[in-house]
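Listing of start.txt; format and content: compact mmCIF, C-alpha atoms.
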```txt
# COMPACT_ATOMS: atom_id res chain seq x y z
CA MET Z 511 -38.00 -16.40 -6.56
CA ARG Z 512 -35.66 -18.57 -4.46
CA ARG Z 513 -33.24 -15.65 -4.17
CA LEU Z 514 -36.03 -13.29 -3.13
CA TYR Z 515 -37.25 -15.83 -0.56
CA ALA Z 516 -33.75 -16.18 0.91
CA LEU Z 517 -33.26 -12.41 0.93
CA LEU Z 518 -36.46 -11.89 2.91
CA TRP Z 519 -35.30 -14.43 5.48
CA TYR Z 520 -31.90 -12.76 5.83
CA LEU Z 521 -33.58 -9.38 6.31
CA ALA Z 522 -35.78 -10.88 9.03
CA LEU Z 523 -32.97 -12.65 10.91
CA PRO Z 524 -32.02 -9.74 13.21
CA LEU Z 525 -35.63 -9.46 14.37
CA LEU Z 526 -36.20 -13.14 15.09
CA PRO Z 527 -34.46 -13.23 18.52
CA LEU Z 528 -36.64 -10.29 19.56
CA ARG Z 529 -39.73 -12.18 18.43
CA LEU Z 530 -38.68 -15.24 20.44
CA TRP Z 531 -38.03 -13.08 23.50
CA TRP Z 532 -41.45 -11.44 23.11
CA ARG Z 533 -43.27 -14.76 22.79
CA GLY Z 534 -41.25 -16.05 25.73
CA ARG Z 535 -42.95 -13.59 28.06
CA LYS Z 536 -45.90 -15.96 28.35
CA GLU Z 537 -44.31 -19.14 27.00
CA PRO Z 538 -40.78 -19.41 28.44
CA GLY Z 539 -39.97 -22.35 26.15
CA TYR Z 540 -39.38 -19.90 23.29
CA ARG Z 541 -36.36 -18.52 25.14
CA LEU Z 542 -34.68 -21.91 25.48
CA HIS Z 543 -32.15 -23.44 23.05
CA VAL Z 544 -32.41 -20.40 20.77
CA GLY Z 545 -29.16 -21.31 18.98
CA GLU Z 546 -30.79 -24.43 17.52
CA ARG Z 547 -33.10 -22.25 15.44
CA PHE Z 548 -29.98 -20.85 13.74
CA GLY Z 549 -28.26 -24.22 13.31
CA ARG Z 550 -25.97 -23.79 16.32
CA TYR Z 551 -25.63 -26.70 18.72
CA ARG Z 552 -23.71 -26.85 21.98
CA ALA Z 553 -21.41 -29.76 22.74
CA THR Z 554 -23.83 -30.65 25.54
CA GLY Z 555 -26.82 -30.34 23.22
CA PRO Z 556 -28.78 -33.13 21.48
CA GLN Z 557 -26.61 -36.21 20.95
CA VAL Z 558 -27.32 -38.93 18.40
CA THR Z 559 -25.92 -42.38 17.76
CA GLY Z 560 -26.32 -44.75 14.84
CA ASP Z 561 -28.81 -44.08 12.08
CA VAL Z 562 -31.08 -41.09 12.56
CA PHE Z 563 -34.72 -41.03 11.45
CA TRP Z 564 -36.18 -37.56 11.67
CA VAL Z 565 -39.83 -36.63 12.27
CA HIS Z 566 -40.91 -33.00 12.10
CA ALA Z 567 -44.13 -32.05 13.93
CA VAL Z 568 -44.68 -28.32 14.05
CA SER Z 569 -46.94 -28.10 17.11
CA VAL Z 570 -49.13 -30.00 19.56
CA GLY Z 571 -51.59 -31.69 17.18
CA GLU Z 572 -48.92 -32.92 14.80
CA THR Z 573 -46.76 -34.13 17.70
CA ARG Z 574 -49.59 -36.24 19.07
CA ALA Z 575 -50.49 -37.54 15.63
CA ALA Z 576 -46.88 -38.65 15.10
CA ALA Z 577 -47.07 -41.12 18.00
CA PRO Z 578 -48.10 -44.20 15.94
CA LEU Z 579 -45.36 -43.47 13.38
CA ILE Z 580 -42.69 -42.96 16.03
CA GLU Z 581 -43.72 -46.19 17.75
CA ARG Z 582 -43.31 -48.15 14.50
CA LEU Z 583 -39.93 -46.56 13.81
CA ARG Z 584 -38.75 -47.53 17.28
CA ARG Z 585 -39.94 -51.13 16.85
CA ALA Z 586 -38.39 -51.47 13.39
CA ARG Z 587 -35.05 -49.87 14.31
CA PRO Z 588 -34.49 -50.03 18.09
CA ASP Z 589 -30.81 -49.30 17.47
CA ALA Z 590 -31.51 -46.02 15.68
CA THR Z 591 -32.07 -42.50 17.00
CA ILE Z 592 -35.46 -40.87 16.48
CA LEU Z 593 -35.06 -37.12 16.07
CA LEU Z 594 -38.20 -35.05 16.70
CA THR Z 595 -38.23 -31.39 15.70
CA SER Z 596 -40.79 -28.73 16.54
CA MET Z 597 -41.50 -25.08 15.85
CA THR Z 598 -43.68 -24.13 18.83
CA ALA Z 599 -42.97 -24.26 22.55
CA THR Z 600 -46.16 -26.22 23.21
CA GLY Z 601 -45.19 -28.71 20.53
CA ARG Z 602 -41.82 -29.32 22.12
CA GLU Z 603 -43.35 -29.63 25.59
CA THR Z 604 -45.85 -32.15 24.23
CA GLY Z 605 -43.04 -34.15 22.67
CA HIS Z 606 -41.22 -34.35 25.98
CA ALA Z 607 -44.42 -35.34 27.81
CA LEU Z 608 -45.22 -38.09 25.29
CA TYR Z 609 -41.81 -39.52 24.51
CA GLY Z 610 -39.50 -38.45 27.35
CA GLU Z 611 -35.90 -39.39 26.68
CA SER Z 612 -36.76 -42.06 24.10
CA VAL Z 613 -36.39 -39.51 21.31
CA VAL Z 614 -33.97 -36.64 20.72
CA GLN Z 615 -35.66 -33.25 20.44
CA CYS Z 616 -34.59 -29.93 18.99
CA TRP Z 617 -36.04 -26.96 17.13
CA LEU Z 618 -36.35 -27.05 13.38
CA PRO Z 619 -33.96 -24.31 12.19
CA TYR Z 620 -35.17 -21.22 10.42
CA ASP Z 621 -35.40 -21.74 6.67
CA VAL Z 622 -32.11 -20.08 5.72
CA PRO Z 623 -29.33 -22.02 3.97
CA PHE Z 624 -26.63 -21.77 6.64
CA ALA Z 625 -28.97 -22.94 9.43
CA VAL Z 626 -30.50 -25.79 7.43
CA ARG Z 627 -27.09 -27.01 6.25
CA ALA Z 628 -25.80 -26.97 9.83
CA PHE Z 629 -28.82 -28.98 10.96
CA ILE Z 630 -28.26 -31.61 8.26
CA ALA Z 631 -24.53 -31.77 8.98
CA ARG Z 632 -25.13 -32.20 12.72
CA PHE Z 633 -27.73 -34.98 12.56
CA ARG Z 634 -27.18 -36.56 9.12
CA PRO Z 635 -30.67 -38.10 9.00
CA ARG Z 636 -31.18 -41.19 6.88
CA ALA Z 637 -34.70 -39.95 6.09
CA GLY Z 638 -37.12 -37.25 7.19
CA MET Z 639 -40.89 -37.39 7.68
CA LEU Z 640 -42.73 -34.06 7.68
CA MET Z 641 -46.14 -34.09 9.33
CA GLU Z 642 -49.17 -32.65 7.52
CA THR Z 643 -48.23 -29.50 5.54
CA GLU Z 644 -44.71 -28.51 6.52
CA LEU Z 645 -43.20 -27.35 3.23
CA TRP Z 646 -40.13 -25.14 3.66
CA PRO Z 647 -38.39 -24.40 0.35
CA THR Z 648 -34.81 -24.17 1.64
CA LEU Z 649 -35.22 -27.23 3.84
CA LEU Z 650 -36.49 -29.32 0.93
CA ALA Z 651 -33.81 -28.04 -1.43
CA GLU Z 652 -30.94 -28.65 1.00
CA CYS Z 653 -32.18 -32.13 1.90
CA ALA Z 654 -32.34 -32.98 -1.80
CA ARG Z 655 -28.80 -31.64 -2.21
CA ALA Z 656 -27.59 -33.76 0.72
CA GLY Z 657 -29.40 -36.89 -0.47
CA VAL Z 658 -31.83 -36.99 2.47
CA PRO Z 659 -35.18 -38.42 1.31
CA LEU Z 660 -38.15 -36.46 2.65
CA PHE Z 661 -41.70 -37.77 2.95
CA LEU Z 662 -44.80 -35.69 3.62
CA VAL Z 663 -46.97 -37.88 5.85
CA ASN Z 664 -50.49 -37.47 7.19
CA ALA Z 665 -50.56 -34.77 4.53
CA ARG Z 666 -53.49 -32.42 4.20
CA LEU Z 667 -54.04 -29.41 1.95
CA SER Z 668 -57.25 -27.40 1.99
CA ALA Z 669 -58.67 -25.89 -1.18
CA ARG Z 670 -57.83 -22.46 0.20
CA SER Z 671 -54.18 -23.37 0.78
CA ALA Z 672 -53.95 -25.12 -2.58
CA ALA Z 673 -55.07 -21.93 -4.31
CA ARG Z 674 -52.30 -19.99 -2.56
CA TYR Z 675 -49.66 -22.55 -3.55
CA ALA Z 676 -50.96 -22.55 -7.13
CA ARG Z 677 -50.21 -18.85 -7.44
CA ALA Z 678 -46.50 -19.67 -7.04
CA GLY Z 679 -46.69 -21.83 -10.17
CA GLY Z 680 -43.40 -23.49 -11.08
CA ALA Z 681 -41.86 -22.83 -7.68
CA THR Z 682 -44.54 -24.97 -6.03
CA ARG Z 683 -44.10 -27.76 -8.58
CA THR Z 684 -40.34 -27.80 -7.95
CA LEU Z 685 -40.93 -27.80 -4.20
CA LEU Z 686 -43.34 -30.73 -4.21
CA ALA Z 687 -41.40 -32.70 -6.83
CA SER Z 688 -38.41 -32.76 -4.46
CA LEU Z 689 -40.36 -34.92 -2.00
CA SER Z 690 -39.69 -38.66 -2.11
CA GLY Z 691 -43.36 -39.43 -1.52
CA VAL Z 692 -46.60 -38.18 -0.03
CA ALA Z 693 -49.04 -40.05 2.23
CA ALA Z 694 -52.25 -38.03 2.15
CA GLN Z 695 -55.14 -38.11 4.60
CA THR Z 696 -57.91 -38.06 1.98
CA ARG Z 697 -58.46 -38.41 -1.75
CA ASP Z 698 -59.19 -34.68 -1.97
CA ASP Z 699 -55.87 -33.88 -0.27
CA ALA Z 700 -54.08 -36.26 -2.64
CA GLY Z 701 -55.73 -34.73 -5.69
CA ARG Z 702 -54.81 -31.20 -4.73
CA LEU Z 703 -51.20 -32.16 -3.99
CA GLU Z 704 -50.88 -34.11 -7.24
CA ALA Z 705 -52.27 -31.18 -9.24
CA LEU Z 706 -49.57 -28.97 -7.72
CA GLY Z 707 -46.75 -31.34 -8.70
CA ALA Z 708 -46.35 -33.95 -5.94
CA ARG Z 709 -45.38 -37.49 -6.98
CA ASP Z 710 -45.72 -40.98 -5.53
CA ILE Z 711 -48.90 -40.17 -3.62
CA VAL Z 712 -50.90 -42.65 -1.57
CA VAL Z 713 -54.02 -42.14 0.54
CA THR Z 714 -53.51 -43.65 3.99
CA GLY Z 715 -56.09 -41.85 6.16
CA ASN Z 716 -55.67 -39.65 9.20
CA LEU Z 717 -53.19 -40.76 11.86
CA LYS Z 718 -55.17 -38.88 14.48
CA PHE Z 719 -57.69 -41.72 14.47
CA ASP Z 720 -54.90 -44.06 15.60
CA VAL Z 721 -53.84 -42.00 18.62
CA ASP Z 722 -55.06 -43.92 21.67
CA VAL Z 723 -56.40 -42.09 24.71
CA PRO Z 724 -53.99 -42.97 27.56
CA ASP Z 725 -55.38 -44.64 30.66
CA THR Z 726 -53.87 -41.83 32.71
CA GLN Z 727 -56.08 -39.34 30.85
CA ARG Z 728 -59.17 -41.48 31.41
CA LEU Z 729 -58.41 -41.67 35.14
CA LEU Z 730 -57.76 -37.93 35.32
CA GLY Z 731 -61.00 -37.25 33.46
CA ARG Z 732 -62.98 -39.16 36.08
CA GLU Z 733 -61.16 -37.34 38.87
CA LEU Z 734 -61.88 -33.96 37.28
CA ARG Z 735 -65.56 -34.80 36.91
CA THR Z 736 -65.73 -35.58 40.62
CA ARG Z 737 -63.92 -32.34 41.45
CA PHE Z 738 -66.15 -30.28 39.16
CA GLY Z 739 -69.31 -31.97 40.44
CA ASP Z 740 -70.65 -35.39 39.45
CA ASP Z 741 -74.23 -34.18 39.68
CA ARG Z 742 -73.74 -30.99 37.61
CA PRO Z 743 -74.30 -30.79 33.84
CA LEU Z 744 -70.89 -30.01 32.29
CA TRP Z 745 -69.97 -28.90 28.80
CA ILE Z 746 -66.65 -27.78 27.36
CA ALA Z 747 -65.74 -25.07 24.86
CA ALA Z 748 -62.35 -26.47 23.85
CA SER Z 749 -59.44 -25.11 21.83
CA THR Z 750 -61.13 -21.73 21.54
CA ARG Z 751 -59.43 -18.97 19.61
CA ASP Z 752 -59.25 -15.22 20.10
CA GLY Z 753 -62.73 -13.71 19.74
CA GLU Z 754 -64.65 -16.95 20.21
CA GLU Z 755 -64.81 -16.86 24.01
CA ALA Z 756 -66.60 -13.51 23.95
CA LEU Z 757 -69.13 -14.79 21.43
CA ILE Z 758 -69.77 -17.91 23.50
CA ILE Z 759 -70.10 -16.06 26.81
CA ASP Z 760 -72.49 -13.48 25.34
CA ALA Z 761 -74.67 -16.24 23.89
CA LEU Z 762 -74.49 -18.22 27.12
CA LEU Z 763 -75.75 -15.28 29.16
CA GLN Z 764 -78.84 -15.19 26.92
CA ALA Z 765 -79.41 -18.96 27.04
CA THR Z 766 -81.41 -21.01 29.55
CA LEU Z 767 -79.24 -23.95 30.52
CA PRO Z 768 -80.22 -26.50 33.18
CA ILE Z 769 -79.74 -25.26 36.74
CA GLY Z 770 -76.19 -25.82 37.97
CA THR Z 771 -74.62 -26.19 34.50
CA LEU Z 772 -70.86 -25.76 34.54
CA THR Z 773 -69.06 -24.32 31.50
CA LEU Z 774 -65.41 -25.31 31.00
CA ILE Z 775 -63.45 -23.00 28.69
CA VAL Z 776 -60.07 -24.22 27.41
CA PRO Z 777 -58.26 -21.71 25.15
CA ARG Z 778 -56.21 -23.22 22.34
CA HIS Z 779 -53.04 -21.29 23.19
CA PRO Z 780 -51.62 -21.04 26.73
CA GLN Z 781 -50.54 -17.43 26.24
CA ARG Z 782 -54.25 -16.55 26.17
CA PHE Z 783 -55.15 -18.09 29.54
CA ASP Z 784 -54.81 -14.76 31.32
CA ALA Z 785 -56.71 -12.91 28.59
CA VAL Z 786 -59.69 -15.23 28.99
CA ALA Z 787 -59.47 -14.85 32.77
CA GLU Z 788 -59.65 -11.09 32.29
CA LEU Z 789 -62.64 -11.51 29.96
CA LEU Z 790 -64.55 -13.51 32.58
CA GLY Z 791 -63.59 -10.98 35.23
CA SER Z 792 -64.74 -8.07 33.10
CA ARG Z 793 -68.20 -9.68 32.86
CA ALA Z 794 -68.25 -10.21 36.65
CA LEU Z 795 -68.48 -13.97 36.12
CA PRO Z 796 -66.93 -15.96 38.98
CA PHE Z 797 -64.67 -18.79 37.82
CA VAL Z 798 -62.13 -21.30 39.08
CA ARG Z 799 -58.81 -21.95 37.39
CA ARG Z 800 -57.98 -25.60 36.79
CA SER Z 801 -54.41 -24.84 37.88
CA ALA Z 802 -55.70 -23.94 41.35
CA ASN Z 803 -56.58 -27.63 41.96
CA ALA Z 804 -59.56 -26.46 43.99
CA PRO Z 805 -63.17 -27.67 44.23
CA VAL Z 806 -65.73 -25.70 42.23
CA PRO Z 807 -68.36 -24.06 44.47
CA ARG Z 808 -71.99 -24.58 43.48
CA ASP Z 809 -72.47 -20.88 42.77
CA VAL Z 810 -69.54 -20.80 40.29
CA ALA Z 811 -70.57 -21.57 36.72
CA PHE Z 812 -67.20 -21.38 34.92
CA VAL Z 813 -63.90 -23.24 34.99
CA LEU Z 814 -60.89 -21.95 33.05
CA GLY Z 815 -58.88 -24.88 31.74
CA ASP Z 816 -55.45 -23.29 32.09
CA SER Z 817 -53.37 -26.45 31.94
CA MET Z 818 -51.38 -28.25 29.27
CA GLY Z 819 -51.69 -31.88 28.22
CA GLU Z 820 -55.10 -32.48 29.79
CA LEU Z 821 -57.48 -31.89 26.90
CA ALA Z 822 -58.45 -35.56 26.58
CA ALA Z 823 -59.21 -35.63 30.31
CA TYR Z 824 -61.38 -32.53 29.95
CA TYR Z 825 -63.33 -34.21 27.16
CA ILE Z 826 -63.83 -37.36 29.25
CA ALA Z 827 -65.13 -35.25 32.13
CA SER Z 828 -67.65 -33.41 29.93
CA ASP Z 829 -71.17 -34.27 28.81
CA ILE Z 830 -70.82 -32.28 25.57
CA ALA Z 831 -67.84 -30.86 23.69
CA PHE Z 832 -67.61 -27.89 21.37
CA VAL Z 833 -64.43 -27.72 19.28
CA GLY Z 834 -63.18 -24.17 18.76
CA GLY Z 835 -61.50 -22.44 15.88
CA SER Z 836 -64.72 -23.09 14.00
CA LEU Z 837 -67.04 -20.22 14.98
CA LEU Z 838 -64.70 -17.83 13.19
CA PRO Z 839 -63.13 -18.57 9.77
CA LEU Z 840 -60.02 -20.22 11.23
CA GLY Z 841 -60.48 -23.75 9.92
CA GLY Z 842 -61.35 -25.51 13.16
CA GLN Z 843 -59.30 -27.53 15.62
CA ASN Z 844 -59.14 -31.31 15.95
CA LEU Z 845 -62.67 -32.73 16.32
CA ILE Z 846 -61.28 -36.28 16.34
CA GLU Z 847 -60.05 -35.83 19.94
CA PRO Z 848 -63.47 -35.55 21.60
CA ILE Z 849 -64.91 -38.20 19.27
CA ALA Z 850 -62.13 -40.56 20.42
CA THR Z 851 -63.41 -40.21 23.99
CA GLY Z 852 -67.01 -40.81 22.92
CA THR Z 853 -68.09 -37.28 23.84
CA PRO Z 854 -71.01 -35.78 21.84
CA THR Z 855 -69.34 -33.15 19.68
CA LEU Z 856 -70.45 -29.80 18.27
CA ILE Z 857 -68.56 -27.79 15.66
CA GLY Z 858 -69.03 -24.39 14.07
CA PRO Z 859 -69.42 -23.52 10.39
CA HIS Z 860 -65.68 -23.18 9.62
CA THR Z 861 -63.90 -26.55 9.60
CA PHE Z 862 -61.87 -26.48 6.40
CA ASN Z 863 -58.80 -27.85 8.23
CA PHE Z 864 -60.78 -31.03 8.92
CA ALA Z 865 -63.28 -30.85 6.05
CA GLU Z 866 -63.65 -34.57 5.29
CA ALA Z 867 -63.48 -35.73 8.91
CA ALA Z 868 -66.12 -33.17 9.87
CA ALA Z 869 -68.44 -34.13 7.03
CA GLN Z 870 -68.10 -37.84 7.78
CA ALA Z 871 -68.57 -37.36 11.53
CA ILE Z 872 -71.75 -35.37 10.94
CA ALA Z 873 -73.06 -37.99 8.50
CA ALA Z 874 -72.35 -40.72 11.08
CA GLY Z 875 -74.16 -38.84 13.85
CA ALA Z 876 -70.97 -38.43 15.88
CA ALA Z 877 -70.95 -34.63 15.53
CA ARG Z 878 -73.33 -31.78 14.78
CA ARG Z 879 -72.66 -28.44 13.12
CA VAL Z 880 -74.00 -25.17 14.49
CA ALA Z 881 -74.25 -21.92 12.56
CA ASP Z 882 -73.11 -19.48 15.25
CA ALA Z 883 -72.69 -18.97 18.99
CA ASN Z 884 -76.42 -18.66 19.64
CA ALA Z 885 -77.09 -21.89 17.77
CA LEU Z 886 -74.28 -23.50 19.76
CA LEU Z 887 -75.91 -22.67 23.08
CA THR Z 888 -79.27 -23.84 21.79
CA ALA Z 889 -77.69 -27.20 20.86
CA VAL Z 890 -75.98 -27.43 24.26
CA GLN Z 891 -79.28 -26.69 26.00
CA GLU Z 892 -81.14 -29.35 24.00
CA LEU Z 893 -78.48 -32.03 24.47
CA LEU Z 894 -78.16 -31.43 28.20
CA ALA Z 895 -81.92 -31.83 28.50
CA ASP Z 896 -81.95 -35.13 26.52
CA PRO Z 897 -79.76 -37.94 27.94
CA GLY Z 898 -81.02 -40.33 25.24
CA ASP Z 899 -79.85 -38.03 22.47
CA ARG Z 900 -76.44 -37.71 24.11
CA GLU Z 901 -76.13 -41.48 24.43
CA ALA Z 902 -76.99 -41.93 20.76
CA MET Z 903 -74.24 -39.46 19.80
CA ARG Z 904 -71.83 -41.17 22.17
CA MET Z 905 -72.43 -44.56 20.56
CA ALA Z 906 -72.15 -43.05 17.08
CA ALA Z 907 -68.87 -41.40 18.03
CA SER Z 908 -67.39 -44.67 19.28
CA ALA Z 909 -68.45 -46.50 16.12
CA PHE Z 910 -67.18 -43.73 13.84
CA TYR Z 911 -63.80 -43.61 15.58
CA ALA Z 912 -63.37 -47.39 15.42
CA ALA Z 913 -64.30 -47.49 11.72
CA HIS Z 914 -61.60 -44.98 10.75
CA ARG Z 915 -58.64 -46.49 12.54
CA GLY Z 916 -55.84 -48.19 10.62
CA ALA Z 917 -54.09 -45.20 9.02
CA ALA Z 918 -50.86 -45.98 10.85
CA ASP Z 919 -50.72 -49.51 9.43
CA ARG Z 920 -51.46 -48.28 5.91
CA LEU Z 921 -48.81 -45.56 6.22
CA TRP Z 922 -46.18 -47.98 7.52
CA GLU Z 923 -46.90 -50.54 4.80
CA TRP Z 924 -46.17 -47.84 2.19
CA LEU Z 925 -43.35 -46.03 4.00
CA ALA Z 926 -41.21 -48.76 5.56
CA PRO Z 927 -39.83 -50.19 2.27
CA LYS Z 928 -38.74 -46.68 1.28
CA LEU Z 929 -36.72 -46.06 4.47
CA PRO Z 930 -33.02 -46.96 4.41
CA GLY Z 931 -32.28 -49.95 6.61
CA VAL Z 932 -35.94 -50.73 7.41
CA SER Z 933 -37.34 -54.04 6.22
CA ARG Z 934 -40.78 -54.48 4.75
CA PRO Z 935 -43.36 -54.68 7.58
CA ARG Z 936 -45.32 -57.76 8.44
CA ASP Z 937 -48.73 -57.72 10.10
CA GLY Z 938 -48.74 -53.93 10.48
CA GLY Z 939 -45.45 -53.65 12.28
```

Transcribe the structure of this file into structure tokens.
Amino acid sequence: MRRLYALLWYLALPLLPLRLWWRGRKEPGYRLHVGERFGRYRATGPQVTGDVFWVHAVSVGETRAAAPLIERLRRARPDATILLTSMTATGRETGHALYGESVVQCWLPYDVPFAVRAFIARFRPRAGMLMETELWPTLLAECARAGVPLFLVNARLSARSAARYARAGGATRTLLASLSGVAAQTRDDAGRLEALGARDIVVTGNLKFDVDVPDTQRLLGRELRTRFGDDRPLWIAASTRDGEEALIIDALLQATLPIGTLTLIVPRHPQRFDAVAELLGSRALPFVRRSANAPVPRDVAFVLGDSMGELAAYYIASDIAFVGGSLLPLGGQNLIEPIATGTPTLIGPHTFNFAEAAAQAIAAGAARRVADANALLTAVQELLADPGDREAMRMAASAFYAAHRGAADRLWEWLAPKLPGVSRPRDGG
């Protein structure tokens, strides 16, 4: 199976630069530093000194969630280099926005032996921490061969994904057994990973509860609310995926929202900004792009959130938040983000990526589930008409968020003694 896996990668290699070029049409970051994806590094490329501790965060959500871990690594080993790898252009951009020059960034190489070996030889990490569910067979095998301990942290594995891994049988057991340890988000995640062959598993909680909302985002949120209209009801359909915007707009046109209500639509992926603009245009619905930095006229009922790194500010500006990826069977996006800002939160029926967090948030009154787009607009209508209900959800969200913090301290207590050259933490740090 390993040989077949490697063969498929080698067959795909000639096509990968074309894929990067194609994706780079709308996200230019995919066309930068292409050699790194093949294990090739220029002399002027990423430079490291001293011990290297490597964190891999595939995209935006994982990069943000890694912040508490990276901060503890920097405090424990200020003399070391923190290497942050990504797979997506938005992930790398987020890393630069969050950490600037305090970390070294590069692409994770494609999972072929020559590229992975070159990556290990270039950076020689003392240890690697893979965020959530990043399990690449060649990467794990080559790190084991080179003596680089790898830890899966903030790990999650849905029942659906576990069933897929189980079909690989012994290959999955070998893959997971090569990890030096697993810090899972929930007991269910831990149980599924253990059943598949992972060892040294601990449940530490979800790091996303420990990601603080920056003051700059809070200030921007208040500024955006003023620009959008302080006296207008405002709700956000955030992190929407392909197909969801049309469902929401169709339902909205049939709904009766309070006069002057403004709908803010923020697609999950920046390459879809123009597609959503075309959708609004095709329905003859006037809208303002956030990137235009312009006031929103009273007769305009839509804003297209076509900016990066401002989602928390959008949530702060909004009276109600809907978290996308959940109307369609896509697993849902991160509902913890709006809850962290105290914004009343609505989610669709499909949240298997955040199953436990969603269930707990609903039980706590911090979030509500809707069955479909029509039910979503009914819930928006009811909440906008009831300030007391919104305030109750806001208070529940703040309490729920506060009660689930502490994952970073639990992770560090378990992880620090396992990292070469890092002493056992005291008082969470």

Discussion item. If I take atom CA of Z:Val544 and atom CA of Z:Met511, how far is one from the other in Å, to one decimal?
Written reply: 28.2 Å

Fill in: One-decimal distance in Å that lies between atom CA of Z:Gly842 and atom CA of Z:Ala865
9.1 Å

Worksheet item: Contacts of stretch 695-710 of chain Z at 6 Å or less, counting all atoms listed in the file, minus same-chain residues fewer than 6 places along, as a list in words?
Response: Asn664, Ala665, Arg666, Leu667, Arg683, Leu686, Ala687 and Asn716 of chain Z

Discussion item. I'd like to know which of Z:Lys536, Z:Arg513, Z:Arg677, Z:Arg732 is closest to Z:Asp829, using all atoms listed in the file.
Written reply: Z:Arg732

Practice prompt. Could you please determine the separation between atom CA of Z:Arg782 and atom CA of Z:Arg535 in Å, to one decimal place?
Written response: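 Taking atom CA of Z:Arg782 as the start and atom CA of Z:Arg535 as the end point, the length is 11.8 Å.
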
Worksheet item: Which one is closest to Z:Gly545: Z:His860, Z:Ala902, Z:Gly610, Z:Leu526? Count all atoms listed in the file.
Response: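 Of the candidates, the smallest distance to Z:Gly545 is held by Z:Leu526.
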
If you keep N, CA and C atoms, can you output stretch 824-836 of chain Z as a PDB file, in the first residue's frame?
```pdb
ATOM      1  N   TYR Z 824     -16.291  41.316  12.096  1.00  0.00           N
ATOM      2  CA  TYR Z 824     -17.638  41.170  11.534  1.00  0.00           C
ATOM      3  C   TYR Z 824     -18.611  40.640  12.582  1.00  0.00           C
ATOM      4  N   TYR Z 825     -18.160  39.639  13.344  1.00  0.00           N
ATOM      5  CA  TYR Z 825     -19.024  39.078  14.379  1.00  0.00           C
ATOM      6  C   TYR Z 825     -19.361  40.131  15.431  1.00  0.00           C
ATOM      7  N   ILE Z 826     -18.370  40.904  15.846  1.00  0.00           N
ATOM      8  CA  ILE Z 826     -18.585  41.936  16.858  1.00  0.00           C
ATOM      9  C   ILE Z 826     -19.571  42.980  16.363  1.00  0.00           C
ATOM     10  N   ALA Z 827     -19.539  43.269  15.074  1.00  0.00           N
ATOM     11  CA  ALA Z 827     -20.428  44.272  14.500  1.00  0.00           C
ATOM     12  C   ALA Z 827     -21.864  43.784  14.363  1.00  0.00           C
ATOM     13  N   SER Z 828     -22.087  42.472  14.427  1.00  0.00           N
ATOM     14  CA  SER Z 828     -23.387  41.883  14.093  1.00  0.00           C
ATOM     15  C   SER Z 828     -24.244  41.609  15.319  1.00  0.00           C
ATOM     16  N   ASP Z 829     -25.556  41.658  15.112  1.00  0.00           N
ATOM     17  CA  ASP Z 829     -26.503  41.306  16.164  1.00  0.00           C
ATOM     18  C   ASP Z 829     -26.675  39.799  16.286  1.00  0.00           C
ATOM     19  N   ILE Z 830     -26.559  39.100  15.163  1.00  0.00           N
ATOM     20  CA  ILE Z 830     -26.758  37.644  15.108  1.00  0.00           C
ATOM     21  C   ILE Z 830     -25.755  37.086  14.112  1.00  0.00           C
ATOM     22  N   ALA Z 831     -25.247  35.883  14.387  1.00  0.00           N
ATOM     23  CA  ALA Z 831     -24.312  35.233  13.472  1.00  0.00           C
ATOM     24  C   ALA Z 831     -24.838  33.865  13.070  1.00  0.00           C
ATOM     25  N   PHE Z 832     -24.761  33.586  11.787  1.00  0.00           N
ATOM     26  CA  PHE Z 832     -24.964  32.216  11.295  1.00  0.00           C
ATOM     27  C   PHE Z 832     -23.619  31.713  10.811  1.00  0.00           C
ATOM     28  N   VAL Z 833     -23.247  30.488  11.198  1.00  0.00           N
ATOM     29  CA  VAL Z 833     -21.967  29.908  10.814  1.00  0.00           C
ATOM     30  C   VAL Z 833     -22.189  28.906   9.680  1.00  0.00           C
ATOM     31  N   GLY Z 834     -21.574  29.184   8.549  1.00  0.00           N
ATOM     32  CA  GLY Z 834     -21.799  28.392   7.345  1.00  0.00           C
ATOM     33  C   GLY Z 834     -21.101  27.048   7.333  1.00  0.00           C
ATOM     34  N   GLY Z 835     -21.198  26.395   6.188  1.00  0.00           N
ATOM     35  CA  GLY Z 835     -20.694  25.039   6.054  1.00  0.00           C
ATOM     36  C   GLY Z 835     -21.575  24.038   6.753  1.00  0.00           C
ATOM     37  N   SER Z 836     -22.732  24.505   7.248  1.00  0.00           N
ATOM     38  CA  SER Z 836     -23.598  23.652   8.057  1.00  0.00           C
ATOM     39  C   SER Z 836     -24.995  23.479   7.474  1.00  0.00           C
TER      40      SER Z 836
END
```
